[in-house]
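Peer 1: Structure supplied as input_20.cif; contents: mmCIF, C-alpha atoms.
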```cif
data_data
#
loop_
_atom_site.label_atom_id
_atom_site.label_comp_id
_atom_site.auth_asym_id
_atom_site.auth_seq_id
_atom_site.Cartn_x
_atom_site.Cartn_y
_atom_site.Cartn_z
CA MET A 1 20.54 -14.17 2.01
CA GLY A 2 18.06 -11.98 3.79
CA CYS A 3 17.44 -9.81 6.79
CA MET A 4 16.02 -12.41 9.18
CA VAL A 5 12.93 -11.62 11.23
CA SER A 6 13.98 -11.08 14.81
CA LYS A 7 12.20 -12.09 18.00
CA HIS A 8 10.95 -8.50 18.11
CA SER A 9 9.22 -8.71 14.74
CA SER A 10 5.82 -8.25 16.38
CA ASN A 11 6.90 -4.75 17.33
CA LEU A 12 8.00 -3.99 13.80
CA SER A 13 4.70 -5.30 12.44
CA LEU A 14 2.82 -2.59 14.34
CA LYS A 15 4.03 -0.05 11.81
CA GLY A 16 1.67 0.42 8.86
CA THR A 17 2.88 0.20 5.26
CA THR A 18 5.65 -1.91 3.73
CA ALA A 19 9.04 -0.53 2.69
CA LEU A 20 12.13 -2.32 1.43
CA ALA A 21 15.60 -1.62 0.08
CA PHE A 22 18.33 -3.92 -1.17
CA PHE A 23 21.78 -3.72 -2.68
CA HIS A 24 22.61 -5.05 -6.12
CA LYS A 25 25.49 -4.69 -8.53
CA GLU A 26 24.20 -1.42 -10.02
CA GLY A 27 23.21 0.36 -6.79
CA ILE A 28 20.21 0.18 -4.46
CA VAL A 29 16.60 -0.73 -5.29
CA VAL A 30 14.13 1.03 -2.98
CA ALA A 31 10.36 0.39 -2.88
CA VAL A 32 7.32 1.38 -0.84
CA ASP A 33 3.52 1.27 -1.06
CA SER A 34 1.14 4.20 -0.49
CA ARG A 35 -1.32 2.93 2.14
CA ALA A 36 -1.50 4.74 5.47
CA SER A 37 -3.76 4.47 8.51
CA ASN A 38 -4.36 6.26 11.77
CA GLU A 39 -4.44 3.06 13.85
CA GLU A 40 -2.29 -0.06 13.83
CA ASP A 41 -3.64 -2.04 16.78
CA GLY A 42 -6.58 -3.91 15.28
CA LEU A 43 -10.24 -3.39 14.44
CA GLU A 44 -11.46 -2.57 17.92
CA LYS A 45 -11.02 1.11 17.08
CA GLU A 46 -12.38 2.87 14.02
CA LEU A 47 -9.72 2.68 11.32
CA ASP A 48 -9.01 5.38 8.79
CA ILE A 49 -7.12 3.93 5.83
CA VAL A 50 -6.06 5.93 2.77
CA ASP A 51 -4.19 4.75 -0.32
CA ASP A 52 -2.71 8.02 -1.53
CA GLU A 53 0.07 8.72 0.96
CA VAL A 54 3.50 9.65 -0.41
CA LYS A 55 6.02 7.76 1.75
CA MET A 56 9.25 8.65 -0.07
CA HIS A 57 10.99 11.85 1.04
CA PRO A 58 14.15 12.99 -0.78
CA ILE A 59 16.97 14.10 1.50
CA SER A 60 19.52 15.06 -1.14
CA LEU A 61 20.27 14.30 -4.77
CA LYS A 62 21.73 10.94 -3.71
CA ILE A 63 19.86 10.06 -0.51
CA ILE A 64 16.19 9.22 0.01
CA SER A 65 14.07 8.06 2.93
CA LEU A 66 11.00 5.81 3.18
CA LEU A 67 8.59 6.24 6.10
CA VAL A 68 6.45 3.55 7.72
CA GLY A 69 3.96 3.79 10.57
CA GLY A 70 0.80 5.63 11.52
CA ARG A 71 -0.20 8.38 9.12
CA ASN A 72 -0.02 11.27 11.58
CA ASP A 73 3.32 10.18 13.04
CA CYS A 74 4.82 9.75 9.56
CA ARG A 75 3.67 13.19 8.51
CA VAL A 76 5.40 14.69 11.52
CA LEU A 77 8.61 12.86 10.65
CA GLY A 78 8.26 13.79 6.97
CA PHE A 79 7.88 17.45 7.91
CA HIS A 80 11.02 17.23 10.06
CA ILE A 81 12.99 15.70 7.17
CA GLN A 82 11.83 18.33 4.69
CA LYS A 83 12.69 21.08 7.16
CA LYS A 84 16.04 19.72 8.31
CA PHE A 85 17.90 18.53 5.27
CA PRO A 86 17.35 21.35 2.77
CA TYR A 87 18.69 23.60 5.55
CA TRP A 88 21.69 21.31 5.93
CA ASP A 89 22.46 21.35 2.19
CA GLU A 90 22.16 25.11 1.95
CA TYR A 91 24.38 26.02 4.88
CA ALA A 92 26.83 23.13 4.89
CA GLY A 93 27.60 23.74 1.22
CA LYS A 94 27.84 20.03 0.44
CA GLU A 95 25.70 16.91 0.31
CA PRO A 96 25.34 15.11 3.65
CA ARG A 97 26.88 11.71 4.20
CA VAL A 98 24.43 8.84 4.52
CA SER A 99 25.77 7.97 7.98
CA ASP A 100 25.31 11.58 9.13
CA VAL A 101 21.70 11.56 7.90
CA ALA A 102 21.01 8.32 9.77
CA GLU A 103 22.58 9.70 12.94
CA THR A 104 20.59 12.95 12.72
CA ILE A 105 17.32 11.01 12.39
CA HIS A 106 18.43 8.72 15.22
CA LYS A 107 18.87 11.73 17.51
CA TYR A 108 15.48 13.09 16.46
CA LEU A 109 13.77 9.77 17.26
CA ASN A 110 15.55 9.66 20.62
CA GLY A 111 13.79 12.89 21.46
CA LEU A 112 10.41 11.24 20.91
CA ARG A 113 10.83 8.39 23.38
CA GLY A 114 7.94 8.04 25.77
CA GLU A 115 5.49 9.73 23.37
CA ASN A 116 3.98 6.42 22.13
CA LYS A 117 5.24 7.06 18.61
CA ARG A 118 5.24 4.08 16.31
CA PHE A 119 7.07 4.59 13.08
CA GLY A 120 10.29 3.76 11.36
CA ILE A 121 12.39 4.93 8.46
CA LEU A 122 14.61 3.39 5.80
CA VAL A 123 17.44 5.59 4.58
CA ALA A 124 19.15 4.65 1.32
CA GLY A 125 21.87 6.63 -0.41
CA TRP A 126 25.34 7.00 -1.85
CA ASP A 127 28.26 9.16 -0.80
CA ALA A 128 31.91 9.27 -1.81
CA GLU A 129 33.11 7.96 1.53
CA GLY A 130 30.79 5.00 2.15
CA HIS A 131 29.32 4.43 -1.33
CA ASP A 132 25.99 2.51 -1.29
CA GLN A 133 24.41 2.41 2.19
CA ILE A 134 21.09 1.43 3.78
CA TYR A 135 19.98 2.16 7.36
CA ARG A 136 16.90 0.99 9.27
CA LEU A 137 15.74 3.20 12.15
CA PHE A 138 12.74 2.58 14.38
CA ILE A 139 11.48 2.81 17.95
CA ARG A 140 11.17 -0.58 19.67
CA ASP A 141 10.10 -0.96 23.29
CA ASP A 142 10.83 2.76 23.79
CA VAL A 143 14.38 2.23 22.52
CA VAL A 144 15.56 3.83 19.30
CA VAL A 145 17.24 1.25 17.08
CA LYS A 146 19.61 2.17 14.25
CA GLN A 147 20.80 -0.68 12.06
CA LYS A 148 23.14 -0.48 9.10
CA VAL A 149 22.20 -3.08 6.51
CA THR A 150 25.29 -5.00 5.46
CA SER A 151 26.34 -5.45 1.84
CA SER A 152 24.60 -8.16 -0.22
CA ARG A 153 21.60 -8.07 2.12
CA PHE A 154 18.27 -6.25 2.24
CA GLY A 155 16.29 -4.21 4.73
CA VAL A 156 12.52 -4.27 5.26
CA LEU A 157 10.21 -2.36 7.60
CA GLY A 158 6.49 -2.03 8.23
CA SER A 159 3.44 -4.12 8.99
CA GLY A 160 3.98 -6.20 5.84
CA HIS A 161 7.73 -6.66 6.30
CA VAL A 162 7.50 -10.42 6.97
CA TYR A 163 5.66 -11.05 3.70
CA ALA A 164 8.00 -8.83 1.68
CA ALA A 165 11.02 -10.57 3.17
CA THR A 166 9.49 -13.95 2.39
CA SER A 167 9.27 -13.04 -1.30
CA LEU A 168 12.86 -11.83 -1.34
CA LYS A 169 14.14 -14.98 0.36
CA ASN A 170 11.88 -17.46 -1.47
CA GLU A 171 13.99 -19.79 -3.62
CA ASN A 172 16.88 -17.35 -3.19
CA ARG A 173 15.11 -14.83 -5.43
CA TYR A 174 17.26 -12.01 -4.13
CA ASN A 175 20.62 -11.98 -5.89
CA TYR A 176 23.23 -9.24 -5.61
CA ASP A 177 24.19 -9.73 -9.29
CA MET A 178 20.70 -8.95 -10.62
CA SER A 179 20.11 -6.04 -13.01
CA THR A 180 18.08 -2.94 -12.14
CA ASP A 181 15.16 -4.22 -14.23
CA ASP A 182 15.17 -7.58 -12.43
CA GLY A 183 15.52 -5.84 -9.08
CA THR A 184 12.54 -3.62 -9.86
CA LYS A 185 10.39 -6.64 -10.75
CA LEU A 186 11.43 -8.43 -7.55
CA ALA A 187 10.69 -5.36 -5.41
CA LEU A 188 7.20 -5.03 -6.93
CA GLU A 189 6.50 -8.72 -6.33
CA ALA A 190 7.64 -8.44 -2.71
CA LEU A 191 5.45 -5.40 -2.09
CA PHE A 192 2.45 -7.06 -3.72
CA ASN A 193 2.88 -10.12 -1.52
CA ALA A 194 2.68 -7.81 1.48
CA THR A 195 -0.56 -6.22 0.20
CA VAL A 196 -2.15 -9.66 -0.15
CA HIS A 197 -1.47 -10.67 3.46
CA ASP A 198 -1.38 -7.35 5.33
CA ARG A 199 -4.43 -5.08 5.47
CA PHE A 200 -2.25 -2.06 6.27
CA SER A 201 -0.26 -2.32 3.00
CA GLY A 202 -1.69 -1.36 -0.38
CA GLY A 203 -2.33 1.38 -2.89
CA LEU A 204 0.31 2.32 -5.41
CA LEU A 205 3.58 0.38 -5.45
CA ARG A 206 6.51 2.72 -6.13
CA VAL A 207 10.09 1.72 -6.94
CA PHE A 208 13.15 4.00 -6.93
CA HIS A 209 16.83 3.46 -7.65
CA VAL A 210 19.89 5.02 -5.99
CA ASP A 211 23.50 5.00 -7.21
CA LYS A 212 26.49 7.33 -7.45
CA PHE A 213 24.68 9.42 -10.05
CA GLY A 214 21.73 10.10 -7.74
CA TRP A 215 18.25 8.76 -7.06
CA ARG A 216 15.59 8.34 -9.71
CA PRO A 217 12.07 6.90 -9.94
CA GLU A 218 11.85 3.55 -11.72
CA THR A 219 8.15 2.71 -11.93
CA VAL A 220 4.75 2.85 -10.26
CA GLN A 221 2.25 -0.01 -10.32
CA ASP A 222 -1.44 0.25 -9.46
CA PRO A 223 -3.38 -2.55 -7.70
CA LEU A 224 -5.20 -3.77 -10.80
CA GLU A 225 -2.00 -4.06 -12.83
CA ALA A 226 -0.22 -5.82 -9.97
CA TYR A 227 -3.05 -8.27 -9.36
CA SER A 228 -3.20 -9.08 -13.08
CA ILE A 229 0.52 -9.86 -13.19
CA TYR A 230 0.61 -12.04 -10.09
CA TYR A 231 -2.90 -13.54 -10.29
CA GLU A 232 -1.78 -17.13 -10.85
CA HIS A 233 0.55 -17.02 -7.83
CA TYR A 234 -2.35 -16.78 -5.34
CA GLU A 235 -5.36 -18.91 -4.40
CA GLU A 236 -8.38 -17.48 -6.18
CA GLU A 237 -10.78 -19.31 -3.83
CA LYS A 238 -9.76 -16.86 -1.07
CA THR A 239 -10.68 -13.82 -3.17
CA LEU A 240 -13.95 -12.08 -3.99
CA PHE A 241 -14.54 -9.09 -6.23
CA LEU A 242 -17.04 -6.47 -5.13
CA VAL A 243 -18.43 -3.72 -7.33
CA VAL A 244 -20.24 -0.66 -6.03
CA SER A 245 -22.62 1.07 -8.39
CA SER A 246 -23.46 4.52 -7.08
CA PRO A 247 -23.93 8.17 -8.01
CA SER A 248 -20.53 9.68 -8.88
CA LYS A 249 -20.68 12.10 -5.95
CA ILE A 250 -20.31 9.18 -3.54
CA PRO A 251 -16.61 8.24 -3.21
CA PRO A 252 -15.37 4.62 -3.31
CA ILE A 253 -15.95 2.72 -0.08
CA PRO A 254 -12.88 2.99 2.20
CA ALA A 255 -11.04 -0.30 2.73
CA GLN A 256 -11.53 -0.22 6.49
CA LYS A 257 -15.32 -0.15 6.10
CA LEU A 258 -15.32 -3.34 4.07
CA ILE A 259 -12.91 -5.03 6.48
CA ARG A 260 -15.02 -4.06 9.48
CA HIS A 261 -18.30 -5.11 7.84
CA PHE A 262 -17.19 -8.73 7.46
CA TRP A 263 -15.21 -8.71 10.72
CA GLN A 264 -18.41 -7.92 12.61
CA LYS A 265 -19.92 -11.04 11.08
CA GLY A 266 -17.00 -13.20 12.24
CA ILE A 267 -15.35 -13.33 8.80
CA THR A 268 -11.69 -12.30 8.53
CA VAL A 269 -10.74 -10.13 5.57
CA THR A 270 -6.96 -10.20 5.21
CA ALA A 271 -6.91 -7.24 2.84
CA ALA A 272 -9.28 -5.00 0.88
CA HIS A 273 -8.26 -2.84 -2.07
CA CYS A 274 -10.03 -0.63 -4.58
CA VAL A 275 -8.45 -1.85 -7.83
CA ALA A 276 -10.37 0.17 -10.42
CA HIS A 277 -13.07 2.78 -10.77
CA ARG A 278 -14.84 4.59 -13.53
CA VAL A 279 -17.43 7.33 -13.90
CA LEU A 280 -19.89 6.37 -16.64
CA LYS A 281 -20.74 9.69 -18.26
CA GLU A 282 -23.08 7.92 -20.67
CA GLN A 283 -25.08 6.26 -17.88
CA HIS A 284 -27.05 7.99 -15.16
CA CYS A 285 -28.88 7.07 -12.01
CA VAL A 286 -31.36 8.94 -9.85
CA ALA A 287 -30.17 10.14 -6.44
CA ASN A 288 -32.63 12.03 -4.26
CA GLY A 289 -34.60 12.96 -7.35
CA VAL A 290 -31.55 14.32 -9.17
CA LEU A 291 -29.98 12.72 -12.25
CA GLU A 292 -26.33 11.85 -11.46
CA GLU A 293 -23.51 10.25 -13.42
CA GLN A 294 -22.91 6.66 -12.36
CA ARG A 295 -19.68 5.54 -10.69
CA LEU A 296 -18.47 1.93 -10.66
CA SER A 297 -15.82 1.01 -8.10
CA PHE A 298 -14.19 -2.42 -8.00
CA HIS A 299 -12.71 -3.86 -4.83
CA ARG A 300 -10.60 -6.96 -4.29
CA LEU A 301 -11.37 -8.71 -0.99
CA ILE A 302 -8.90 -11.34 0.23
CA PHE A 303 -10.08 -13.62 3.02
CA ASN A 304 -8.20 -15.71 5.54
CA SER A 305 -9.33 -18.93 3.85
CA GLY A 306 -11.47 -20.26 1.04
CA VAL A 307 -14.09 -21.27 3.62
CA GLU A 308 -14.38 -17.71 4.92
CA ALA A 309 -14.66 -16.38 1.36
CA SER A 310 -17.51 -18.84 0.77
CA ASN A 311 -19.17 -17.69 4.01
CA ALA A 312 -18.96 -14.09 2.82
CA TYR A 313 -20.43 -15.03 -0.54
CA ALA A 314 -23.27 -16.79 1.24
CA LEU A 315 -24.35 -13.41 2.66
CA THR A 316 -25.40 -12.29 -0.83
CA ALA A 317 -28.69 -12.72 -2.63
CA THR A 318 -29.24 -13.39 -6.33
CA HIS A 319 -30.09 -10.23 -8.22
CA GLY A 320 -33.09 -10.52 -10.51
CA GLU A 321 -31.97 -8.22 -13.31
CA THR A 322 -29.70 -9.70 -15.96
CA ASP A 323 -29.93 -7.04 -18.65
CA SER A 324 -26.59 -5.35 -18.25
CA GLN A 325 -23.17 -6.89 -18.77
CA LEU A 326 -22.24 -5.74 -15.27
CA VAL A 327 -24.98 -7.77 -13.57
CA GLU A 328 -24.18 -10.78 -15.74
CA LYS A 329 -20.65 -10.70 -14.33
CA PHE A 330 -21.83 -9.90 -10.81
CA PRO A 331 -25.14 -11.76 -10.43
CA ASN A 332 -25.23 -11.67 -6.62
CA GLN A 333 -26.02 -8.56 -4.63
CA LEU A 334 -24.63 -7.79 -1.18
CA LEU A 335 -27.58 -6.54 0.86
CA LEU A 336 -26.86 -4.22 3.76
CA LYS A 337 -29.10 -2.92 6.49
CA THR A 338 -30.06 0.71 6.04
CA ALA A 339 -28.25 1.89 9.19
CA PHE A 340 -25.03 0.13 8.22
CA GLN A 341 -25.25 1.29 4.63
CA LYS A 342 -25.32 4.88 5.87
CA LYS A 343 -22.16 4.25 7.88
CA LEU A 344 -20.47 2.29 5.10
CA LEU A 345 -20.95 4.95 2.45
CA LEU A 346 -20.41 7.89 4.82
CA LYS A 347 -23.49 9.49 3.25
CA THR A 348 -27.25 9.32 3.53
CA VAL A 349 -28.61 6.18 1.91
CA GLU A 350 -29.09 6.55 -1.83
CA PRO A 351 -31.72 4.32 -3.42
CA SER A 352 -29.48 3.90 -6.46
CA VAL A 353 -26.49 2.49 -4.52
CA GLU A 354 -26.02 -1.22 -5.18
CA LEU A 355 -23.24 -3.59 -4.14
CA TYR A 356 -22.51 -6.77 -6.08
CA LEU A 357 -20.19 -9.61 -5.21
CA ASN A 358 -18.70 -12.49 -7.18
CA ARG A 359 -15.97 -15.08 -6.81
CA SER A 360 -12.60 -14.29 -8.27
CA SER A 361 -11.75 -15.70 -11.68
CA LYS A 362 -9.35 -14.85 -14.46
CA ASP A 363 -12.30 -14.14 -16.75
CA LEU A 364 -13.72 -11.66 -14.26
CA LEU A 365 -10.35 -9.98 -13.79
CA GLU A 366 -9.98 -9.63 -17.57
CA PHE A 367 -13.46 -8.09 -17.74
CA ILE A 368 -12.47 -5.44 -15.20
CA ARG A 369 -9.18 -4.77 -16.99
CA THR A 370 -10.69 -4.33 -20.44
CA GLN A 371 -13.85 -2.46 -19.51
CA PHE A 372 -12.80 -0.08 -16.78
CA ASP A 373 -10.18 2.51 -16.01
CA GLY A 374 -7.23 1.82 -13.76
CA TYR A 375 -6.78 2.91 -10.20
CA LEU A 376 -5.10 6.27 -10.67
CA SER A 377 -7.39 9.16 -9.84
CA THR A 378 -6.62 12.73 -10.89
CA GLU A 379 -5.22 13.55 -7.45
CA MET A 380 -3.00 10.47 -7.36
CA THR A 381 -1.81 11.11 -10.91
CA GLN A 382 -0.72 14.59 -9.82
CA MET A 383 1.22 13.21 -6.83
CA THR A 384 2.78 10.52 -8.99
CA GLY A 385 3.82 13.16 -11.49
CA ALA A 386 5.36 15.24 -8.73
CA LEU A 387 7.68 12.32 -8.00
CA GLY A 388 8.57 11.94 -11.65
CA LEU A 389 6.55 8.73 -12.06
#
```
Can you give me the file's structure in the form of structure tokens?
Peer 2:
Amino acid sequence: MGCMVSKHSSNLSLKGTTALAFFHKEGIVVAVDSRASNEEDGLEKELDIVDDEVKMHPISLKIISLLVGGRNDCRVLGFHIQKKFPYWDEYAGKEPRVSDVAETIHKYLNGLRGENKRFGILVAGWDAEGHDQIYRLFIRDDVVVKQKVTSSRFGVLGSGHVYAATSLKNENRYNYDMSTDDGTKLALEALFNATVHDRFSGGLLRVFHVDKFGWRPETVQDPLEAYSIYYEHYEEEKTLFLVVSSPSKIPPIPAQKLIRHFWQKGITVTAAHCVAHRVLKEQHCVANGVLEEQRLSFHRLIFNSGVEASNAYALTATHGETDSQLVEKFPNQLLLKTAFQKKLLLKTVEPSVELYLNRSSKDLLEFIRTQFDGYLSTEMTQMTGALGL
């Protein structure tokens, strides 16, 4: 059984990110990704996508919330939650009930009607009166909706909610009698399915658990690990791998830049993710006459069809050098005009910046896994550690 997509699902899909929560025999499994953006209405406007947003906000020892929507709106709501509920705990002298938390947030959202806010929140928790509970709250057509998820069902929100729900409902995968470990695996698979089909979902996949003893982190999965696990479940002909070789001072290319680059050429990129990066301290390149450490960043590009992936690959040119193992694995170079390269890299053009593209294959994925570091940067590791993951 699942939470069916309503006739208003297009409204729900406007909210960036994917969040889910479901009941099982040992409590509640709660999961969310870490991608956030400043726009949700298409590529006509300049997007700003980041993959390091923390979407889980604790409310008490036994209640947590997951935020979905535009980055700025979610930060406002997150600030309100952090300000409101510690105050409640301190002065009320007891933990809040889940229903009271949902009603408080409902009243807060009511106060935002007419301000063109587009976000939602999943509240999951346990209290002595109602035990395990899940609420979905969101603004739809300027009306604040509060829904209590019934027992033996699940709740999803965000731009990738349809794809997450599909995974949960597929072949009756969701089962109330599943263990916490099985629930965690299912939640990760559902989130990953959303990242494959929804360009506003991605980054780290985080899973939490809630029961009468409190909430706790279960696991965190980075894009490279997730793609390795679920590789055989998806059509590799729709996927290309891109590697950027650049001076280490130039950050990885933002996902929205890659999406927009191909979109302007009439090619639809369903999703773009940086899955691994590494600074090669033993290798250097010259940038503006200065010797710099070399950075390699790997991106997974998923296209709307195998034909569109082939069209994107046709934009590349064979690279003449075959000395390094990297170029052997990525023999074709993606050539960009100077003006666009400046915009893509958000820096002045560096003569040592090169972009290579190749078709997806299990061999290529294994090469990236064995030769290069995972996705977690120092900053993201610190945030993950702050959540106990």
Peer 1: A:Lys238, A:His80, A:Lys146, A:His209: which is nearest Leu20 of chain A, counting only C-alpha atoms?
Peer 2: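 When distances to Leu20 of chain A are compared using only C-alpha atoms, the smallest one comes from A:His209.
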Peer 1: Under the rule that all atoms listed in the file are counted, which of A:Asn72, A:Gln256, A:Asn304, A:Gln294 is the nearest residue to Thr268 of chain A?
Peer 2: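 Of A:Asn72, A:Gln256, A:Asn304, A:Gln294, the one nearest Thr268 of chain A is A:Asn304, counting all atoms listed in the file.
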Peer 1: Exactly which residues make up the result of the PyMOL selection byres ((chain A and resi 207) around 10) on this file, given as an MDAnalysis selection string?
Peer 2: chainID A and resid 19:21 29:33 56 183:185 187:188 191 204:206 208:209 216:221 389
Peer 1: Phe262 of chain A: which residues within 12 Å, counting only C-alpha atoms, same-chain residues fewer than 5 positions away excluded, as a PyMOL selection string?
Peer 2: chain A and resi 43+255-257+267-272+301-304+308-309+311-315+334+336+340+344
Peer 1: Rounded to one decimal, what separation in Å do you get between atom CA of Ile28 of chain A and atom CA of Met178 of chain A?
Peer 2: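 Separating atom CA of Ile28 of chain A from atom CA of Met178 of chain A is a distance of 11.0 Å.
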